[in-house]
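Okay, start.pdb now, which holds PDB, C-alpha atoms:
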```
ATOM      1  CA  MET A1185     -18.249 -24.700   9.540
ATOM      2  CA  ASN A1186     -14.591 -25.394   8.879
ATOM      3  CA  LEU A1187     -13.230 -28.578   7.342
ATOM      4  CA  LEU A1188      -9.525 -29.081   6.706
ATOM      5  CA  GLY A1189      -9.062 -25.302   6.711
ATOM      6  CA  PHE A1190     -11.818 -24.611   4.175
ATOM      7  CA  LYS A1191     -14.728 -22.280   4.904
ATOM      8  CA  PHE A1192     -18.420 -22.864   4.266
ATOM      9  CA  PHE A1193     -21.338 -20.502   4.366
ATOM     10  CA  GLY A1194     -24.998 -20.133   3.492
ATOM     11  CA  PRO A1195     -28.203 -21.654   4.884
ATOM     12  CA  THR A1196     -27.375 -25.153   3.637
ATOM     13  CA  SER A1197     -23.736 -25.114   4.684
ATOM     14  CA  ARG A1198     -24.054 -28.075   7.022
ATOM     15  CA  ILE A1199     -25.420 -30.272   4.254
ATOM     16  CA  LEU A1200     -22.958 -29.071   1.654
ATOM     17  CA  ALA A1201     -19.899 -29.029   3.880
ATOM     18  CA  LEU A1202     -18.805 -32.502   2.868
ATOM     19  CA  LEU A1203     -19.559 -31.817  -0.787
ATOM     20  CA  VAL A1204     -18.240 -28.313  -1.358
ATOM     21  CA  LEU A1205     -14.732 -26.956  -0.970
ATOM     22  CA  SER A1206     -14.312 -23.218  -0.800
ATOM     23  CA  VAL A1207     -11.826 -21.492  -3.027
ATOM     24  CA  VAL A1208      -9.550 -19.640  -0.629
ATOM     25  CA  THR A1209      -6.790 -17.545  -2.079
ATOM     26  CA  SER A1210      -4.848 -14.354  -1.417
ATOM     27  CA  VAL A1211      -6.172 -10.889  -2.100
ATOM     28  CA  GLY A1212      -5.098  -7.368  -1.243
ATOM     29  CA  ASN A1213      -3.404  -7.278   2.134
ATOM     30  CA  ALA A1214      -2.938 -11.065   2.418
ATOM     31  CA  GLN A1215      -6.642 -11.580   3.141
ATOM     32  CA  ASP A1216      -8.826 -14.528   2.138
ATOM     33  CA  ILE A1217     -11.368 -14.879  -0.592
ATOM     34  CA  ILE A1218     -14.374 -16.960   0.419
ATOM     35  CA  CYS A1219     -16.008 -18.548  -2.613
ATOM     36  CA  SER A1220     -17.846 -21.867  -2.744
ATOM     37  CA  LEU A1221     -17.387 -24.260  -5.633
ATOM     38  CA  GLN A1222     -20.967 -23.456  -6.682
ATOM     39  CA  ASP A1223     -20.174 -19.749  -6.753
ATOM     40  CA  ARG A1224     -17.028 -20.357  -8.783
ATOM     41  CA  LYS A1225     -19.187 -22.266 -11.280
ATOM     42  CA  ALA A1226     -21.742 -19.455 -11.139
ATOM     43  CA  PHE A1227     -18.968 -17.004 -12.006
ATOM     44  CA  GLU A1228     -17.968 -19.045 -15.072
ATOM     45  CA  ALA A1229     -21.614 -19.319 -16.136
ATOM     46  CA  LYS A1230     -22.103 -15.579 -15.702
ATOM     47  CA  ILE A1231     -19.059 -14.789 -17.839
ATOM     48  CA  THR A1232     -20.466 -16.988 -20.603
ATOM     49  CA  GLU A1233     -23.939 -15.456 -20.231
ATOM     50  CA  ILE A1234     -22.781 -11.848 -20.490
ATOM     51  CA  SER A1235     -20.023 -12.333 -23.069
ATOM     52  CA  ASN A1236     -22.081 -10.760 -25.864
ATOM     53  CA  LEU A1237     -23.604  -7.924 -23.812
ATOM     54  CA  ASN A1238     -20.817  -5.368 -23.984
ATOM     55  CA  SER A1239     -21.874  -1.945 -25.222
ATOM     56  CA  THR A1240     -19.875   1.202 -25.832
ATOM     57  CA  ASN A1241     -22.206   2.729 -23.211
ATOM     58  CA  LEU A1242     -21.288   1.402 -19.762
ATOM     59  CA  GLY A1243     -24.695   2.377 -18.385
ATOM     60  CA  GLU A1244     -26.431   0.180 -20.967
ATOM     61  CA  THR A1245     -24.027  -2.630 -20.086
ATOM     62  CA  MET A1246     -24.884  -2.192 -16.388
ATOM     63  CA  VAL A1247     -28.592  -2.675 -17.079
ATOM     64  CA  ALA A1248     -28.030  -5.628 -19.406
ATOM     65  CA  VAL A1249     -25.739  -7.349 -16.907
ATOM     66  CA  GLY A1250     -28.046  -6.503 -14.022
ATOM     67  CA  LYS A1251     -31.041  -8.060 -15.737
ATOM     68  CA  THR A1252     -29.204 -11.383 -16.039
ATOM     69  CA  PHE A1253     -29.488 -11.554 -12.236
ATOM     70  CA  ILE A1254     -33.296 -11.222 -12.234
ATOM     71  CA  GLY A1255     -34.780 -13.938 -10.043
ATOM     72  CA  ILE A1256     -31.665 -14.441  -7.919
ATOM     73  CA  PRO A1257     -32.777 -14.559  -4.251
ATOM     74  CA  TYR A1258     -32.360 -11.610  -1.909
ATOM     75  CA  VAL A1259     -30.202 -12.711   1.035
ATOM     76  CA  ALA A1260     -29.283 -10.318   3.842
ATOM     77  CA  LYS A1261     -25.866 -10.012   5.487
ATOM     78  CA  THR A1262     -24.070 -11.974   2.781
ATOM     79  CA  LEU A1263     -20.718 -10.440   3.757
ATOM     80  CA  GLU A1264     -20.890 -11.229   7.479
ATOM     81  CA  ILE A1265     -18.956 -14.474   7.194
ATOM     82  CA  GLY A1266     -16.313 -15.950   9.491
ATOM     83  CA  ASP A1267     -14.278 -14.387  12.255
ATOM     84  CA  LYS A1268     -12.325 -11.930  10.105
ATOM     85  CA  GLU A1269     -13.053  -9.756   7.108
ATOM     86  CA  SER A1270     -12.662 -11.673   3.840
ATOM     87  CA  LEU A1271     -13.586 -10.954   0.243
ATOM     88  CA  VAL A1272     -16.865 -12.851  -0.045
ATOM     89  CA  VAL A1273     -17.982 -14.032  -3.478
ATOM     90  CA  ASN A1274     -21.659 -14.973  -3.414
ATOM     91  CA  LEU A1275     -23.518 -15.026  -6.719
ATOM     92  CA  GLN A1276     -26.354 -17.248  -5.511
ATOM     93  CA  GLY A1277     -27.807 -14.791  -3.013
ATOM     94  CA  LEU A1278     -27.474 -11.000  -3.147
ATOM     95  CA  ASP A1279     -28.388  -8.070  -0.974
ATOM     96  CA  CYS A1280     -28.963  -4.648  -2.510
ATOM     97  CA  THR A1281     -25.324  -3.565  -2.122
ATOM     98  CA  THR A1282     -23.667  -6.772  -3.310
ATOM     99  CA  PHE A1283     -25.999  -6.756  -6.307
ATOM    100  CA  VAL A1284     -24.767  -3.307  -7.358
ATOM    101  CA  GLU A1285     -21.141  -4.218  -6.631
ATOM    102  CA  ASN A1286     -21.286  -7.394  -8.702
ATOM    103  CA  VAL A1287     -23.028  -5.724 -11.625
ATOM    104  CA  LEU A1288     -20.414  -2.952 -11.608
ATOM    105  CA  ALA A1289     -17.559  -5.481 -11.395
ATOM    106  CA  PHE A1290     -18.843  -7.587 -14.304
ATOM    107  CA  SER A1291     -19.665  -4.519 -16.393
ATOM    108  CA  ARG A1292     -16.179  -3.086 -15.942
ATOM    109  CA  MET A1293     -14.701  -6.460 -16.859
ATOM    110  CA  LEU A1294     -16.667  -6.443 -20.108
ATOM    111  CA  ALA A1295     -15.498  -2.923 -20.885
ATOM    112  CA  MET A1296     -11.909  -4.017 -20.298
ATOM    113  CA  ASN A1297     -12.179  -7.318 -22.222
ATOM    114  CA  GLN A1298     -11.529  -9.380 -19.103
ATOM    115  CA  SER A1299     -13.057 -12.727 -18.218
ATOM    116  CA  ASP A1300     -10.782 -14.343 -15.615
ATOM    117  CA  PHE A1301     -11.625 -14.902 -11.946
ATOM    118  CA  ASN A1302      -8.616 -12.969 -10.627
ATOM    119  CA  SER A1303      -9.683  -9.834 -12.505
ATOM    120  CA  TYR A1304     -13.198 -10.249 -11.120
ATOM    121  CA  THR A1305     -12.013 -10.454  -7.507
ATOM    122  CA  GLU A1306      -9.699  -7.479  -8.043
ATOM    123  CA  HIS A1307     -12.616  -5.396  -9.321
ATOM    124  CA  LEU A1308     -14.800  -6.540  -6.426
ATOM    125  CA  GLU A1309     -12.155  -5.639  -3.859
ATOM    126  CA  THR A1310     -11.549  -2.274  -5.522
ATOM    127  CA  ILE A1311     -15.256  -1.438  -5.422
ATOM    128  CA  ARG A1312     -16.077  -2.761  -1.960
ATOM    129  CA  TYR A1313     -13.202  -1.431   0.126
ATOM    130  CA  ARG A1314     -11.845   1.988   1.032
ATOM    131  CA  ASP A1315      -9.187   3.018  -1.476
ATOM    132  CA  GLY A1316      -9.549  -0.413  -3.103
ATOM    133  CA  THR A1317      -7.760  -2.464  -0.461
ATOM    134  CA  LEU A1318      -9.221  -4.985   1.977
ATOM    135  CA  ASP A1319      -7.605  -4.182   5.316
ATOM    136  CA  GLY A1320      -9.934  -5.579   7.947
ATOM    137  CA  TYR A1321     -13.597  -4.998   8.742
ATOM    138  CA  PRO A1322     -13.451  -1.175   8.974
ATOM    139  CA  SER A1323     -11.989  -0.940   5.446
ATOM    140  CA  ARG A1324     -15.290  -2.095   3.953
ATOM    141  CA  LEU A1325     -17.398   0.838   2.760
ATOM    142  CA  HIS A1326     -20.272   0.180   5.169
ATOM    143  CA  TYR A1327     -22.022   3.530   4.701
ATOM    144  CA  PHE A1328     -23.202   3.860   1.114
ATOM    145  CA  SER A1329     -22.653   7.607   1.051
ATOM    146  CA  GLU A1330     -18.976   6.853   1.715
ATOM    147  CA  TRP A1331     -19.194   4.120  -0.946
ATOM    148  CA  PHE A1332     -20.227   6.909  -3.336
ATOM    149  CA  ALA A1333     -17.456   9.264  -2.200
ATOM    150  CA  ASN A1334     -14.657   6.698  -2.228
ATOM    151  CA  ASN A1335     -15.604   5.139  -5.551
ATOM    152  CA  GLU A1336     -15.768   8.620  -7.042
ATOM    153  CA  LYS A1337     -12.258   9.225  -5.687
ATOM    154  CA  LYS A1338     -11.145   6.014  -7.436
ATOM    155  CA  GLY A1339     -12.606   7.249 -10.736
ATOM    156  CA  LEU A1340     -15.259   4.521 -10.946
ATOM    157  CA  ILE A1341     -18.350   6.731 -10.619
ATOM    158  CA  LYS A1342     -19.407  10.380 -10.601
ATOM    159  CA  ASP A1343     -21.876  11.631  -7.972
ATOM    160  CA  LEU A1344     -24.404  13.741  -9.884
ATOM    161  CA  THR A1345     -26.837  14.450  -7.070
ATOM    162  CA  ALA A1346     -25.838  18.084  -6.525
ATOM    163  CA  SER A1347     -25.933  18.894 -10.248
ATOM    164  CA  MET A1348     -29.434  17.403 -10.464
ATOM    165  CA  GLY A1349     -30.762  19.883  -7.920
ATOM    166  CA  GLY A1350     -29.841  18.004  -4.773
ATOM    167  CA  VAL A1351     -29.753  19.818  -1.462
ATOM    168  CA  GLU A1352     -26.933  19.527   1.053
ATOM    169  CA  SER A1353     -27.646  17.380   4.084
ATOM    170  CA  SER A1354     -26.489  18.282   7.576
ATOM    171  CA  LYS A1355     -27.564  14.961   9.058
ATOM    172  CA  GLU A1356     -25.060  13.239  11.344
ATOM    173  CA  ILE A1357     -24.255   9.691  10.218
ATOM    174  CA  ASN A1358     -23.434   7.522  13.227
ATOM    175  CA  PHE A1359     -25.800   4.539  13.170
ATOM    176  CA  MET A1360     -23.078   1.900  13.473
ATOM    177  CA  SER A1361     -21.312   3.438  16.447
ATOM    178  CA  THR A1362     -24.590   4.195  18.232
ATOM    179  CA  HIS A1363     -25.862   0.649  17.586
ATOM    180  CA  ARG A1364     -22.615  -1.131  18.346
ATOM    181  CA  ASN A1365     -24.441  -4.205  19.656
ATOM    182  CA  LEU A1366     -25.801  -4.933  16.161
ATOM    183  CA  TYR A1367     -22.321  -5.367  14.686
ATOM    184  CA  PRO A1368     -20.289  -8.243  16.197
ATOM    185  CA  PHE A1369     -17.009  -6.972  14.724
ATOM    186  CA  LEU A1370     -17.442  -3.707  16.623
ATOM    187  CA  LYS A1371     -16.796  -5.526  19.901
ATOM    188  CA  GLU A1372     -13.150  -5.010  19.033
ATOM    189  CA  VAL A1373     -12.038  -1.577  20.213
ATOM    190  CA  GLU A1374      -9.847  -0.904  17.162
ATOM    191  CA  ASN A1375     -12.669  -1.705  14.742
ATOM    192  CA  TYR A1376     -15.028   0.547  16.680
ATOM    193  CA  LYS A1377     -12.479   3.365  16.660
ATOM    194  CA  LYS A1378     -12.011   3.133  12.884
ATOM    195  CA  ILE A1379     -15.754   3.089  12.228
ATOM    196  CA  LYS A1380     -16.010   6.261  14.295
ATOM    197  CA  GLU A1381     -13.322   7.752  12.059
ATOM    198  CA  SER A1382     -15.397   6.850   8.987
ATOM    199  CA  GLU A1383     -18.380   8.589  10.529
ATOM    200  CA  GLN A1384     -16.268  11.662  11.207
ATOM    201  CA  PHE A1385     -15.184  11.631   7.542
ATOM    202  CA  LEU A1386     -18.831  11.708   6.490
ATOM    203  CA  LYS A1387     -19.510  14.540   8.920
ATOM    204  CA  ASP A1388     -16.775  16.554   7.229
ATOM    205  CA  GLN A1389     -18.061  15.846   3.691
ATOM    206  CA  SER A1390     -20.784  17.544   1.695
ATOM    207  CA  ILE A1391     -23.534  14.997   1.064
ATOM    208  CA  PHE A1392     -26.295  16.010  -1.330
ATOM    209  CA  ILE A1393     -29.773  14.494  -1.559
ATOM    210  CA  LEU A1394     -32.343  14.841  -4.331
ATOM    211  CA  PRO A1395     -35.567  15.188  -2.306
ATOM    212  CA  GLN A1396     -38.342  12.711  -2.974
ATOM    213  CA  ASP A1397     -40.728  15.424  -4.224
ATOM    214  CA  LYS A1398     -38.177  16.533  -6.856
ATOM    215  CA  ILE A1399     -37.386  13.121  -8.362
ATOM    216  CA  ALA A1400     -40.175  13.075 -10.959
ATOM    217  CA  GLU A1401     -39.214  16.590 -12.097
ATOM    218  CA  MET A1402     -35.543  15.650 -12.483
ATOM    219  CA  GLU A1403     -36.109  12.133 -13.794
ATOM    220  CA  TYR A1404     -35.108  13.156 -17.322
ATOM    221  CA  LEU A1405     -31.557  13.696 -16.049
ATOM    222  CA  ILE A1406     -31.237  10.112 -14.802
ATOM    223  CA  GLN A1407     -29.833   7.609 -17.290
ATOM    224  CA  SER A1408     -30.086   3.851 -17.528
ATOM    225  CA  GLY A1409     -27.212   2.342 -15.564
ATOM    226  CA  ASP A1410     -26.980   5.149 -13.007
ATOM    227  CA  ILE A1411     -26.599   3.916  -9.435
ATOM    228  CA  ILE A1412     -29.442   4.988  -7.155
ATOM    229  CA  ALA A1413     -29.125   5.156  -3.364
ATOM    230  CA  MET A1414     -32.210   5.782  -1.225
ATOM    231  CA  THR A1415     -31.800   8.263   1.604
ATOM    232  CA  THR A1416     -33.728   7.918   4.847
ATOM    233  CA  SER A1417     -35.094   9.810   7.827
ATOM    234  CA  ILE A1418     -33.888   7.065  10.209
ATOM    235  CA  GLU A1419     -31.644   8.708  12.793
ATOM    236  CA  GLY A1420     -27.933   8.206  12.178
ATOM    237  CA  LEU A1421     -28.389   6.370   8.894
ATOM    238  CA  ASP A1422     -27.635   7.661   5.404
ATOM    239  CA  ILE A1423     -28.897   5.026   2.960
ATOM    240  CA  THR A1424     -31.331   2.137   3.370
ATOM    241  CA  HIS A1425     -31.365   0.649  -0.130
ATOM    242  CA  THR A1426     -29.668   0.863  -3.499
ATOM    243  CA  GLY A1427     -30.143  -0.295  -7.076
ATOM    244  CA  ILE A1428     -29.645   0.564 -10.739
ATOM    245  CA  ALA A1429     -31.752   2.936 -12.812
ATOM    246  CA  THR A1430     -33.322   1.507 -15.957
ATOM    247  CA  ARG A1431     -35.512   3.344 -18.450
ATOM    248  CA  GLU A1432     -38.242   0.887 -19.370
ATOM    249  CA  ALA A1433     -40.751   0.635 -22.248
ATOM    250  CA  ASP A1434     -43.046   3.226 -20.631
ATOM    251  CA  GLY A1435     -40.251   5.799 -20.999
ATOM    252  CA  ARG A1436     -39.914   6.128 -17.225
ATOM    253  CA  ILE A1437     -36.993   5.372 -14.922
ATOM    254  CA  HIS A1438     -37.550   2.235 -12.868
ATOM    255  CA  LEU A1439     -35.289   0.541 -10.311
ATOM    256  CA  LEU A1440     -33.419  -2.696 -10.997
ATOM    257  CA  HIS A1441     -32.561  -4.035  -7.551
ATOM    258  CA  ALA A1442     -32.352  -6.908  -5.079
ATOM    259  CA  SER A1443     -35.753  -6.363  -3.501
ATOM    260  CA  THR A1444     -36.668  -6.996   0.120
ATOM    261  CA  GLY A1445     -40.303  -7.075  -1.013
ATOM    262  CA  SER A1446     -40.238  -9.869  -3.582
ATOM    263  CA  MET A1447     -37.034 -11.266  -2.000
ATOM    264  CA  GLU A1448     -35.304 -11.475  -5.378
ATOM    265  CA  VAL A1449     -33.667  -9.315  -8.029
ATOM    266  CA  GLU A1450     -36.345  -7.538 -10.062
ATOM    267  CA  VAL A1451     -37.329  -4.355 -11.883
ATOM    268  CA  THR A1452     -39.904  -2.289  -9.997
ATOM    269  CA  THR A1453     -43.381  -2.305 -11.525
ATOM    270  CA  LEU A1454     -43.799   1.366 -10.642
ATOM    271  CA  PRO A1455     -41.475   4.099 -11.902
ATOM    272  CA  LEU A1456     -38.817   5.063  -9.362
ATOM    273  CA  ALA A1457     -40.503   8.324  -8.333
ATOM    274  CA  ASP A1458     -43.769   6.518  -7.566
ATOM    275  CA  TYR A1459     -42.100   3.502  -6.003
ATOM    276  CA  LEU A1460     -40.255   5.677  -3.478
ATOM    277  CA  LYS A1461     -43.489   7.234  -2.237
ATOM    278  CA  GLU A1462     -44.381   3.820  -0.839
ATOM    279  CA  VAL A1463     -41.038   3.309   0.909
ATOM    280  CA  LYS A1464     -41.253   4.051   4.614
ATOM    281  CA  ASN A1465     -38.871   6.763   5.883
ATOM    282  CA  ASN A1466     -37.577   7.583   2.391
ATOM    283  CA  THR A1467     -36.478  11.181   1.957
ATOM    284  CA  GLY A1468     -34.996  11.055  -1.541
ATOM    285  CA  ILE A1469     -32.080   9.631  -3.497
ATOM    286  CA  MET A1470     -28.441  10.023  -4.400
ATOM    287  CA  VAL A1471     -27.460   9.412  -8.035
ATOM    288  CA  ALA A1472     -24.091   8.367  -9.450
ATOM    289  CA  ARG A1473     -23.056   7.679 -13.041
ATOM    290  CA  VAL A1474     -20.615   4.891 -13.827
ATOM    291  CA  ILE A1475     -17.439   5.884 -15.647
ATOM    292  CA  THR A1476     -16.130   3.789 -18.520
ATOM    293  CA  PRO A1477     -12.649   2.515 -17.633
ATOM    294  CA  SER A1478      -9.678   2.931 -19.899
ATOM    295  CA  LEU A1479      -7.961  -0.271 -20.988
ATOM    296  CA  SER A1480      -4.919   0.887 -19.019
ATOM    297  CA  PHE A1481      -6.890   1.006 -15.751
ATOM    298  CA  ARG A1482      -5.234  -0.702 -12.793
ATOM    299  CA  ARG A1483      -6.376  -1.311  -9.233
ATOM    300  CA  PHE A1484      -6.516   1.897  -7.169
TER     301      PHE A1484
END
```
Would you mind writing the file's structure down as structure tokens?
Amino acid sequence: MNLLGFKFFGPTSRILALLVLSVVTSVGNAQDIICSLQDRKAFEAKITEISNLNSTNLGETMVAVGKTFIGIPYVAKTLEIGDKESLVVNLQGLDCTTFVENVLAFSRMLAMNQSDFNSYTEHLETIRYRDGTLDGYPSRLHYFSEWFANNEKKGLIKDLTASMGGVESSKEINFMSTHRNLYPFLKEVENYKKIKESEQFLKDQSIFILPQDKIAEMEYLIQSGDIIAMTTSIEGLDITHTGIATREADGRIHLLHASTGSMEVEVTTLPLADYLKEVKNNTGIMVARVITPSLSFRRF
């Protein structure tokens, strides 16, 4: 719905349309930010809530920040809003990717002593888009293996999968281009062409996977705050789910994530290695460690 140029989204948008004005501003390449008044208030509340959580260990900060989201509903396709790609801020409903992105954005803000909304949206854009700049739908890092590679290039994370005993994958990643009908933005020829280019990039890269049967053995190498991406046997697809590693009271690594099972952010009851055995089509994981930013860090 659009009212006086403002955008509305979410399952109750029709009811709230007359009550809520979206915050629409400029970001990156003159693109919009879509953020409801409720989400702007949620941002301010989150900043207050996490203000005393900062640790010298960014991984510990990631887990602490992530756990403040426990109970937030899982909502799919939270970024598929409007008729053009915009930087969507949604703190009231998260999918597995937007959960990780928001936790990383808030954690980096804490490490850099930032608390303002503009810094938050800059971090979110940097994390979510190729080379840190929103430049249309294809610039979003749709494939999470490319999310890993590009955010490593930016200096935000370090992919540790190979060093943990991961094996190189020769799988072709082309799910989006071979299922074009599932992605409305791919009706546009230019968008489709650029997504194909992203898939070619992944074909040319070395992607490593820690096989499911090796995770328990290598669990000691995983630290709280590491980003976990679940690999899959589904043809053409690299990753089906993602979350944050957390070492719990039992001494084991569990997964802090926006769950499609409970339909909310939670910590898995089972350790990660056991949890994955119950996930259909899972073949293993990729693991990345977050890198503490310097205070002189600027957008990529």
Inset, instruction - List every protein, DNA or RNA residue that has an atom no more than 6 Å from (-24.0, 1.2, -12.0) in the file's coordinate frame, counting all atoms listed in the file, and report them as a ChimeraX atom specification. - result: /A:1246,1288,1409-1411,1428,1474
Inset, instruction - Determine, counting only C-alpha atoms, which protein, DNA and RNA residues have an atom within 9 Å of an atom of stretch 1267-1279 of chain A; residues of the same chain fewer than 6 positions away are not included. Present the result as a PyMOL selection string. - result: chain A and resi 1194+1211+1215-1220+1222-1224+1226-1227+1253+1256-1261+1286+1305+1308-1309+1312+1318-1322+1324+1369+1441-1444+1448-1449
May I have the selected residues written with C-alpha atoms, as a CSV table (one decimal), in the coordinates of the input?
```
chain,number,residue,atom,x,y,z
A,1194,GLY,CA,-25.0,-20.1,3.5
A,1211,VAL,CA,-6.2,-10.9,-2.1
A,1215,GLN,CA,-6.6,-11.6,3.1
A,1216,ASP,CA,-8.8,-14.5,2.1
A,1217,ILE,CA,-11.4,-14.9,-0.6
A,1218,ILE,CA,-14.4,-17.0,0.4
A,1219,CYS,CA,-16.0,-18.5,-2.6
A,1220,SER,CA,-17.8,-21.9,-2.7
A,1222,GLN,CA,-21.0,-23.5,-6.7
A,1223,ASP,CA,-20.2,-19.7,-6.8
A,1224,ARG,CA,-17.0,-20.4,-8.8
A,1226,ALA,CA,-21.7,-19.5,-11.1
A,1227,PHE,CA,-19.0,-17.0,-12.0
A,1253,PHE,CA,-29.5,-11.6,-12.2
A,1256,ILE,CA,-31.7,-14.4,-7.9
A,1257,PRO,CA,-32.8,-14.6,-4.3
A,1258,TYR,CA,-32.4,-11.6,-1.9
A,1259,VAL,CA,-30.2,-12.7,1.0
A,1260,ALA,CA,-29.3,-10.3,3.8
A,1261,LYS,CA,-25.9,-10.0,5.5
A,1286,ASN,CA,-21.3,-7.4,-8.7
A,1305,THR,CA,-12.0,-10.5,-7.5
A,1308,LEU,CA,-14.8,-6.5,-6.4
A,1309,GLU,CA,-12.2,-5.6,-3.9
A,1312,ARG,CA,-16.1,-2.8,-2.0
A,1318,LEU,CA,-9.2,-5.0,2.0
A,1319,ASP,CA,-7.6,-4.2,5.3
A,1320,GLY,CA,-9.9,-5.6,7.9
A,1321,TYR,CA,-13.6,-5.0,8.7
A,1322,PRO,CA,-13.5,-1.2,9.0
A,1324,ARG,CA,-15.3,-2.1,4.0
A,1369,PHE,CA,-17.0,-7.0,14.7
A,1441,HIS,CA,-32.6,-4.0,-7.6
A,1442,ALA,CA,-32.4,-6.9,-5.1
A,1443,SER,CA,-35.8,-6.4,-3.5
A,1444,THR,CA,-36.7,-7.0,0.1
A,1448,GLU,CA,-35.3,-11.5,-5.4
A,1449,VAL,CA,-33.7,-9.3,-8.0
```
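Around stretch 1297-1304 of chain A, within 9 Å and counting all atoms listed in the file, the residues found are Arg1224, Phe1227, Glu1228, Ile1231, Thr1232, Ser1235, Asn1286, Ala1289, Phe1290 and Leu1479 of chain A, once anything fewer than 6 positions away on its own chain is removed.
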Legend entry - Using only C-alpha atoms: which of A:Thr1467, A:Tyr1367, A:Leu1386, A:Val1373 has the shortest distance to A:Asn1334: A:Leu1386
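Here atom CA of A:Pro1455 is placed at a distance of 5.6 Å from atom CA of A:Ile1437.
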Inset, instruction - Decode the PyMOL selection byres ((chain A and resi 1333) around 12) for the given file into explicit residues and return them as JSON, numbers by chain. - result: {"A": [1311, 1313, 1314, 1315, 1325, 1327, 1328, 1329, 1330, 1331, 1332, 1334, 1335, 1336, 1337, 1338, 1339, 1340, 1341, 1342, 1343, 1344, 1345, 1382, 1385, 1386, 1388, 1389, 1390, 1391, 1392, 1470, 1471, 1472]}
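Shortest atom-to-atom contact with A:Ala1457 among A:Glu1403, A:Glu1432, A:Glu1306, A:Asp1422: A:Glu1403, counting only C-alpha atoms.
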Legend entry - Using all atoms listed in the file: which of A:Leu1263, A:Gly1420, A:Ala1295, A:Ile1406 has the shortest distance to A:Ser1354: A:Gly1420
Could you write out as JSON the box around stretch 1263-1266 of chain A (axis-aligned, all atoms listed in the file, 5 Å on each side), with centre and edge lengths in Å to one decimal?
```
{"center_x": -18.6, "center_y": -13.2, "center_z": 6.6, "size_x": 14.6, "size_y": 15.5, "size_z": 15.7}
```
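From atom CA of A:Gly1243 back to atom CA of A:Met1414, the distance works out to 19.0 Å.
Note that the spacing between atom CA of A:Asn1375 and atom CA of A:Leu1421 amounts to 18.6 Å.
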Inset, instruction - Give me the result of the PyMOL selection byres ((chain A and resi 1431) around 12) on this file, residue by residue, as a PyMOL selection string. - result: chain A and resi 1243-1244+1247-1248+1403-1410+1428-1430+1432-1440+1451-1456
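With distances restricted to all atoms listed in the file, A:Asn1238 is the closest residue to A:Met1293 from A:Asn1466, A:Asn1238, A:Ser1417, A:Ser1347.
For the choices A:Ile1475, A:Ile1469, A:Ile1357, A:Leu1242, the atom-to-atom distance to A:Asp1397 is smallest for A:Ile1469 when using all atoms listed in the file.
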Which residues, named as in the file, does the PyMOL selection byres ((chain A and resi 1398) around 10) pick out? Answer as an mmCIF file with C-alpha atoms, in the frame of the given file.
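Written output follows (out34.cif):
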```cif
data_model
loop_
_atom_site.group_PDB
_atom_site.id
_atom_site.type_symbol
_atom_site.label_atom_id
_atom_site.label_comp_id
_atom_site.auth_asym_id
_atom_site.auth_seq_id
_atom_site.Cartn_x
_atom_site.Cartn_y
_atom_site.Cartn_z
ATOM 1 C CA MET A 1348 -29.434 17.403 -10.464
ATOM 2 C CA GLY A 1349 -30.762 19.883 -7.920
ATOM 3 C CA GLY A 1350 -29.841 18.004 -4.773
ATOM 4 C CA LEU A 1394 -32.343 14.841 -4.331
ATOM 5 C CA PRO A 1395 -35.567 15.188 -2.306
ATOM 6 C CA GLN A 1396 -38.342 12.711 -2.974
ATOM 7 C CA ASP A 1397 -40.728 15.424 -4.224
ATOM 8 C CA ILE A 1399 -37.386 13.121 -8.362
ATOM 9 C CA ALA A 1400 -40.175 13.075 -10.959
ATOM 10 C CA GLU A 1401 -39.214 16.590 -12.097
ATOM 11 C CA MET A 1402 -35.543 15.650 -12.483
ATOM 12 C CA GLU A 1403 -36.109 12.133 -13.794
ATOM 13 C CA ALA A 1457 -40.503 8.324 -8.333
ATOM 14 C CA GLY A 1468 -34.996 11.055 -1.541
ATOM 15 C CA ILE A 1469 -32.080 9.631 -3.497
#
```
Inset, instruction - Find the residue from A:Asn1465, A:Met1447, A:Pro1368, A:Asn1358 that sits nearest to A:Ile1265; use all atoms listed in the file when measuring. - result: A:Pro1368
Supply stretch 1319-1325 of chain A as a tab-separated table (two decimals), keeping the file's coordinate frame, with N, CA and C atoms built in where the input has gaps.
```tsv
chain	number	residue	atom	x	y	z
A	1319	ASP	N	-8.52	-4.28	4.18
A	1319	ASP	CA	-7.60	-4.18	5.32
A	1319	ASP	C	-8.42	-4.26	6.60
A	1320	GLY	N	-9.11	-5.38	6.77
A	1320	GLY	CA	-9.93	-5.58	7.95
A	1320	GLY	C	-11.35	-5.05	7.79
A	1321	TYR	N	-12.18	-5.34	8.77
A	1321	TYR	CA	-13.60	-5.00	8.74
A	1321	TYR	C	-13.86	-3.51	8.50
A	1322	PRO	N	-13.14	-2.60	9.17
A	1322	PRO	CA	-13.45	-1.18	8.97
A	1322	PRO	C	-13.13	-0.66	7.58
A	1323	SER	N	-12.33	-1.40	6.79
A	1323	SER	CA	-11.99	-0.94	5.45
A	1323	SER	C	-13.13	-1.12	4.45
A	1324	ARG	N	-14.12	-1.95	4.83
A	1324	ARG	CA	-15.29	-2.10	3.95
A	1324	ARG	C	-16.10	-0.80	3.99
A	1325	LEU	N	-16.64	-0.41	2.84
A	1325	LEU	CA	-17.40	0.84	2.76
A	1325	LEU	C	-18.83	0.57	3.23
```
